[in-house]
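Text of the file query22.txt, holding compact mmCIF, C-alpha atoms:
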# COMPACT_ATOMS: atom_id res chain seq x y z
CA GLN A 27 41.46 -24.29 3.75
CA HIS A 28 44.44 -25.36 5.88
CA ARG A 29 45.89 -28.54 7.46
CA LEU A 30 46.71 -28.91 11.17
CA THR A 31 49.06 -31.67 12.32
CA VAL A 32 49.41 -32.54 16.05
CA SER A 33 51.96 -35.06 17.38
CA ASP A 34 52.94 -36.25 20.89
CA GLY A 35 55.95 -38.09 19.51
CA LEU A 36 54.13 -41.39 19.28
CA VAL A 37 50.88 -40.68 17.48
CA GLU A 38 50.44 -38.09 14.81
CA SER A 39 47.03 -36.66 13.88
CA THR A 40 46.27 -34.54 10.88
CA GLU A 41 43.02 -32.60 10.40
CA THR A 42 41.89 -30.43 7.55
CA LYS A 43 40.17 -27.19 8.50
CA VAL A 44 37.94 -25.30 6.09
CA ASP A 45 37.33 -21.61 6.55
CA PHE A 46 33.90 -20.41 5.39
CA VAL A 47 33.50 -16.87 4.17
CA THR A 48 30.01 -15.36 3.97
CA VAL A 49 29.56 -13.02 1.02
CA THR A 50 26.57 -10.67 1.05
CA VAL A 51 25.57 -9.32 -2.34
CA MET A 52 23.91 -5.94 -1.98
CA PRO A 53 21.12 -4.94 -4.36
CA ARG A 54 22.37 -2.72 -7.16
CA VAL A 55 20.97 0.33 -8.88
CA ILE A 56 21.33 -0.11 -12.63
CA TRP A 57 21.18 3.12 -14.60
CA VAL A 58 19.49 3.65 -17.95
CA SER A 59 19.60 6.83 -20.06
CA VAL A 60 18.75 7.77 -23.63
CA ASP A 61 22.23 9.31 -23.67
CA GLY A 62 23.90 6.02 -22.74
CA GLY A 63 26.35 4.42 -25.12
CA GLU A 64 26.32 1.05 -26.86
CA ASP A 65 29.03 -0.09 -24.44
CA GLY A 66 27.11 0.93 -21.30
CA ASP A 67 27.66 -1.11 -18.15
CA GLY A 68 24.72 0.20 -16.09
CA SER A 69 26.78 2.45 -13.86
CA ALA A 70 25.78 6.06 -13.20
CA GLU A 71 28.77 7.17 -15.29
CA ASN A 72 28.13 4.73 -18.15
CA PRO A 73 24.42 3.83 -18.22
CA PHE A 74 22.67 1.41 -20.52
CA ASN A 75 20.75 3.02 -23.37
CA THR A 76 17.80 0.60 -23.27
CA ILE A 77 15.53 -0.47 -20.44
CA GLN A 78 15.72 -4.10 -21.56
CA GLY A 79 19.48 -3.88 -21.31
CA GLY A 80 19.10 -2.92 -17.68
CA ILE A 81 16.60 -5.73 -17.05
CA ASN A 82 18.90 -8.29 -18.67
CA ASP A 83 21.77 -7.22 -16.43
CA ALA A 84 19.70 -7.19 -13.24
CA VAL A 85 19.28 -9.94 -10.67
CA ASP A 86 16.55 -10.34 -8.08
CA GLY A 87 16.47 -7.39 -5.69
CA ASP A 88 18.05 -4.88 -8.09
CA THR A 89 16.53 -1.60 -9.23
CA VAL A 90 16.64 -0.42 -12.83
CA LEU A 91 16.50 3.38 -12.63
CA VAL A 92 15.47 5.05 -15.88
CA HIS A 93 16.25 8.68 -16.66
CA PRO A 94 13.76 10.90 -18.57
CA GLY A 95 13.37 10.41 -22.30
CA GLY A 96 11.63 8.37 -24.95
CA TYR A 97 12.54 4.69 -25.25
CA THR A 98 11.36 2.83 -28.35
CA GLU A 99 11.35 -0.79 -27.27
CA ASN A 100 9.26 -3.66 -25.96
CA ILE A 101 10.33 -4.90 -22.55
CA ASP A 102 9.91 -8.23 -20.74
CA PHE A 103 10.65 -8.68 -17.03
CA THR A 104 11.70 -12.32 -17.77
CA GLY A 105 10.55 -13.45 -14.32
CA LYS A 106 12.89 -11.24 -12.32
CA ALA A 107 11.98 -9.83 -8.90
CA ILE A 108 13.25 -6.35 -9.70
CA ALA A 109 11.99 -2.77 -9.70
CA VAL A 110 11.98 -0.87 -12.99
CA ILE A 111 11.23 2.74 -12.13
CA SER A 112 11.67 6.16 -13.69
CA SER A 113 13.54 8.90 -11.92
CA SER A 114 11.13 11.66 -12.95
CA GLY A 115 7.70 10.18 -13.63
CA PRO A 116 5.45 9.32 -16.60
CA ASP A 117 5.18 12.83 -18.03
CA VAL A 118 8.81 12.76 -19.15
CA THR A 119 9.64 9.04 -19.28
CA ILE A 120 7.92 7.23 -22.14
CA ILE A 121 8.18 3.68 -23.45
CA TYR A 122 6.95 3.55 -27.04
CA GLY A 123 6.27 0.11 -28.44
CA GLY A 124 6.59 1.12 -32.07
CA ASP A 125 3.45 -0.84 -32.99
CA MET A 126 5.49 -4.03 -32.62
CA GLY A 127 3.62 -6.01 -29.95
CA SER A 128 2.89 -5.44 -26.27
CA VAL A 129 4.97 -2.63 -24.82
CA VAL A 130 5.49 -4.42 -21.48
CA THR A 131 5.26 -8.17 -20.84
CA PHE A 132 4.98 -10.20 -17.64
CA GLN A 133 4.70 -13.89 -18.48
CA SER A 134 7.24 -15.72 -16.34
CA GLY A 135 5.53 -15.96 -12.96
CA GLU A 136 6.43 -12.50 -11.69
CA ASP A 137 4.87 -11.63 -8.32
CA GLN A 138 4.59 -8.61 -6.02
CA GLN A 139 8.39 -8.38 -5.89
CA SER A 140 8.33 -7.21 -9.51
CA LEU A 141 7.50 -3.50 -9.83
CA LEU A 142 6.98 -1.21 -12.81
CA ALA A 143 6.53 2.43 -11.85
CA GLY A 144 6.63 5.91 -13.30
CA PHE A 145 6.21 5.53 -17.07
CA THR A 146 3.90 6.35 -19.95
CA ILE A 147 3.22 3.17 -21.89
CA THR A 148 2.15 3.85 -25.47
CA GLY A 149 2.40 2.70 -29.08
CA GLY A 150 1.64 -0.96 -28.43
CA ASP A 151 -0.10 -3.09 -31.06
CA ALA A 152 -0.72 -6.73 -30.18
CA GLU A 153 -3.23 -9.55 -30.31
CA GLN A 154 -3.65 -9.26 -26.54
CA GLY A 155 -2.56 -6.44 -24.28
CA GLY A 156 -1.33 -3.60 -26.44
CA GLY A 157 0.10 -1.69 -23.50
CA ILE A 158 0.77 -4.31 -20.82
CA TYR A 159 0.41 -8.08 -21.26
CA CYS A 160 0.31 -10.10 -18.06
CA SER A 161 -0.14 -13.90 -18.06
CA GLY A 162 0.28 -16.10 -15.01
CA SER A 163 1.96 -13.21 -13.19
CA SER A 164 1.01 -10.75 -10.46
CA PRO A 165 3.37 -7.75 -10.50
CA ARG A 166 2.87 -4.32 -9.00
CA LEU A 167 2.01 -1.57 -11.50
CA GLU A 168 2.27 1.93 -10.05
CA TYR A 169 2.16 5.54 -11.23
CA LEU A 170 1.67 4.66 -14.89
CA VAL A 171 -0.12 6.22 -17.85
CA VAL A 172 -1.23 3.59 -20.36
CA ARG A 173 -2.56 5.33 -23.46
CA GLY A 174 -2.73 5.08 -27.22
CA ASN A 175 -2.39 1.30 -27.44
CA LEU A 176 -4.25 -1.18 -29.67
CA ALA A 177 -5.08 -4.88 -29.38
CA PHE A 178 -7.74 -7.35 -30.39
CA ASP A 179 -8.48 -7.91 -26.67
CA GLY A 180 -7.27 -5.61 -23.92
CA GLY A 181 -6.18 -2.48 -25.76
CA GLY A 182 -4.46 -1.03 -22.70
CA LEU A 183 -4.10 -3.92 -20.26
CA TYR A 184 -4.55 -7.69 -20.54
CA PHE A 185 -4.59 -9.97 -17.49
CA ASN A 186 -4.77 -13.74 -17.89
CA ASN A 187 -4.70 -15.85 -14.71
CA SER A 188 -3.02 -12.91 -12.99
CA ASP A 189 -3.63 -10.92 -9.81
CA PRO A 190 -1.61 -7.72 -10.21
CA GLN A 191 -1.91 -4.70 -7.97
CA LEU A 192 -2.44 -1.35 -9.69
CA LYS A 193 -1.92 1.98 -7.94
CA ARG A 194 -2.24 5.44 -9.50
CA VAL A 195 -2.63 4.02 -12.99
CA VAL A 196 -4.43 5.87 -15.81
CA ALA A 197 -5.63 3.79 -18.78
CA SER A 198 -6.98 6.20 -21.37
CA GLY A 199 -7.37 6.42 -25.12
CA ASN A 200 -6.74 2.73 -25.75
CA ARG A 201 -8.66 0.64 -28.28
CA ALA A 202 -9.70 -3.00 -28.52
CA LEU A 203 -10.94 -4.36 -31.81
CA GLU A 204 -13.02 -6.82 -29.81
CA SER A 205 -13.23 -6.70 -25.98
CA GLY A 206 -11.80 -4.56 -23.20
CA GLY A 207 -10.59 -1.25 -24.59
CA GLY A 208 -9.07 -0.25 -21.28
CA ALA A 209 -8.51 -3.67 -19.75
CA TYR A 210 -9.37 -7.33 -20.37
CA LEU A 211 -9.55 -9.73 -17.42
CA PHE A 212 -9.59 -13.49 -17.88
CA GLU A 213 -9.66 -15.61 -14.71
CA SER A 214 -7.89 -12.75 -12.94
CA ALA A 215 -8.39 -10.77 -9.76
CA PRO A 216 -6.46 -7.51 -9.99
CA ALA A 217 -6.80 -4.81 -7.35
CA PHE A 218 -7.29 -1.27 -8.68
CA PHE A 219 -6.30 1.49 -6.22
CA ASN A 220 -6.70 5.15 -7.27
CA THR A 221 -6.90 4.04 -10.89
CA THR A 222 -8.72 5.77 -13.76
CA VAL A 223 -10.04 3.92 -16.80
CA ALA A 224 -11.45 6.54 -19.17
CA ALA A 225 -12.09 7.30 -22.85
CA ASN A 226 -11.22 3.83 -24.10
CA THR A 227 -13.09 2.04 -26.88
CA GLY A 228 -13.97 -1.54 -27.70
CA LEU A 229 -16.64 -3.48 -29.50
CA VAL A 230 -17.59 -5.07 -26.15
CA GLY A 231 -16.62 -3.44 -22.86
CA GLY A 232 -14.97 -0.22 -23.88
CA GLY A 233 -13.74 0.25 -20.32
CA ILE A 234 -13.15 -3.20 -18.82
CA PHE A 235 -14.19 -6.66 -19.98
CA ILE A 236 -14.27 -9.37 -17.30
CA THR A 237 -14.62 -13.09 -17.92
CA ASN A 238 -14.06 -14.93 -14.63
CA SER A 239 -15.57 -18.33 -13.84
CA ILE A 240 -13.87 -18.83 -10.47
CA GLU A 241 -15.87 -17.41 -7.56
CA THR A 242 -12.75 -16.44 -5.65
CA ASP A 243 -11.59 -14.19 -8.48
CA THR A 244 -12.78 -10.95 -6.89
CA VAL A 245 -11.84 -7.77 -8.71
CA GLU A 246 -11.32 -4.83 -6.34
CA PHE A 247 -11.94 -1.18 -7.26
CA ILE A 248 -10.89 1.21 -4.50
CA ASN A 249 -11.07 4.99 -5.03
CA SER A 250 -11.05 4.33 -8.76
CA ILE A 251 -12.91 5.87 -11.72
CA LEU A 252 -14.53 4.30 -14.77
CA TRP A 253 -15.69 7.10 -17.03
CA ALA A 254 -16.54 7.98 -20.64
CA ASN A 255 -15.61 4.62 -22.10
CA ASP A 256 -17.34 3.68 -25.35
CA ASN A 257 -19.73 0.70 -25.35
CA SER A 258 -20.15 0.40 -21.55
CA GLN A 259 -17.85 0.94 -18.62
CA VAL A 260 -17.73 -2.76 -17.61
CA SER A 261 -18.96 -5.82 -19.50
CA PHE A 262 -19.03 -9.49 -18.54
Just give me the structure of the file as structure tokens.
Amino acid sequence: QHRLTVSDGLVESTETKVDFVTVTVMPRVIWVSVDGGEDGDGSAENPFNTIQGGINDAVDGDTVLVHPGGYTENIDFTGKAIAVISSSGPDVTIIYGGDMGSVVTFQSGEDQQSLLAGFTITGGDAEQGGGIYCSGSSPRLEYLVVRGNLAFDGGGLYFNNSDPQLKRVVASGNRALESGGGAYLFESAPAFFNTTVAANTGLVGGGIFITNSIETDTVEFINSILWANDNSQVSF
């Protein structure tokens, strides 16, 4: 900001000028590694040692890049439009819930700008959605293995009023004490692309349990497999 004064000797005029500076904030890559320290700052040289630490530091548009290893934690996207992806895929990058609730949670209105990709999700134990719990949110779930999770409903996946998009997801070896060993859908219309739901168990709907009352809630299965699930592949 500066002031400009003009005078012709008789009349003096003063005007304040304001300079505007446009600042563009570029999306960041936030690094996470099992070898990171407690004082990590998310840089490549000093990564965070938890995935949730990376999520907490991120803002919309950022990418949380997770190095191979086993991470014992339960993560929540907290409504952020960010990508949480592994650098090397689900075979070597595992999130273990420690039997302490859903391993991954989306419950703050996340949409297609929120992406989880490249992990094995295991060790979840929750009332709903042992592996992934999704309520009122529609994230993208890609290149995931969801296995060895337990819940009353939705052993592997639980979708409530949600329309997520799943690509290259395997839900296998999950268990529901009641309904939906692989996945439980309530008033939801997910799209399954190249997804396998196999060898899951549940009292009702070992594979997928669907309870939709809205006619527009159309569940899409494209190039996907439902196989060897106990107590039916799909139940309504």
Protein, DNA and RNA residues within 9 Å of (11.7, 4.7, -14.1), all atoms listed in the file, as a ChimeraX atom specification: /A:58,90-94,109-116,119,142-145
Would you export the selected residues with C-alpha atoms as a PDB file, keeping the file's coordinate frame, please?
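Generated file (selection19.pdb):
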ATOM      1  CA  VAL A  58      19.490   3.650 -17.950  1.00  0.00           C
ATOM      2  CA  VAL A  90      16.640  -0.420 -12.830  1.00  0.00           C
ATOM      3  CA  LEU A  91      16.500   3.380 -12.630  1.00  0.00           C
ATOM      4  CA  VAL A  92      15.470   5.050 -15.880  1.00  0.00           C
ATOM      5  CA  HIS A  93      16.250   8.680 -16.660  1.00  0.00           C
ATOM      6  CA  PRO A  94      13.760  10.900 -18.570  1.00  0.00           C
ATOM      7  CA  ALA A 109      11.990  -2.770  -9.700  1.00  0.00           C
ATOM      8  CA  VAL A 110      11.980  -0.870 -12.990  1.00  0.00           C
ATOM      9  CA  ILE A 111      11.230   2.740 -12.130  1.00  0.00           C
ATOM     10  CA  SER A 112      11.670   6.160 -13.690  1.00  0.00           C
ATOM     11  CA  SER A 113      13.540   8.900 -11.920  1.00  0.00           C
ATOM     12  CA  SER A 114      11.130  11.660 -12.950  1.00  0.00           C
ATOM     13  CA  GLY A 115       7.700  10.180 -13.630  1.00  0.00           C
ATOM     14  CA  PRO A 116       5.450   9.320 -16.600  1.00  0.00           C
ATOM     15  CA  THR A 119       9.640   9.040 -19.280  1.00  0.00           C
ATOM     16  CA  LEU A 142       6.980  -1.210 -12.810  1.00  0.00           C
ATOM     17  CA  ALA A 143       6.530   2.430 -11.850  1.00  0.00           C
ATOM     18  CA  GLY A 144       6.630   5.910 -13.300  1.00  0.00           C
ATOM     19  CA  PHE A 145       6.210   5.530 -17.070  1.00  0.00           C
TER      20      PHE A 145
END
message: Neighbouring residues of Thr89 of chain A were defined as those with any atom within 9 Å, considering only C-alpha atoms; residues of the same chain fewer than 5 positions away were excluded. Please report them as a list of chain:residue names.
response: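 That gives A:Pro53, A:Arg54, A:Val55, A:Ile56, A:Trp57, A:Gly80, A:Ile81, A:Ala84, A:Ile108, A:Ala109, A:Val110, A:Ile111.
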task: Choose the residue, out of A:Asp256, A:Glu204, A:Glu168, A:Asp117, that has the smallest atom-to-atom separation from Asn220 of chain A; count only C-alpha atoms.
output: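 The shortest atom-to-atom distance to Asn220 of chain A comes from A:Glu168.
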Separation of atom CA of Leu176 of chain A from atom CA of Ile234 of chain A, in Å and rounded to one decimal: 14.2 Å
- request: To one decimal in Å, tell me the separation between atom CA of Phe219 of chain A and atom CA of Val245 of chain A.
  value: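 Interatomic distance here is 11.1 Å.
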- request: Point out the residue among A:Asp125, A:Glu213, A:Glu71, A:Glu99 with the least atom-to-atom distance to Asn238 of chain A, counting all atoms listed in the file.
  value: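 The closest residue to Asn238 of chain A is A:Glu213.
Distance-wise, atom CA of Tyr159 of chain A and atom CA of Gly87 of chain A end up 22.4 Å apart.
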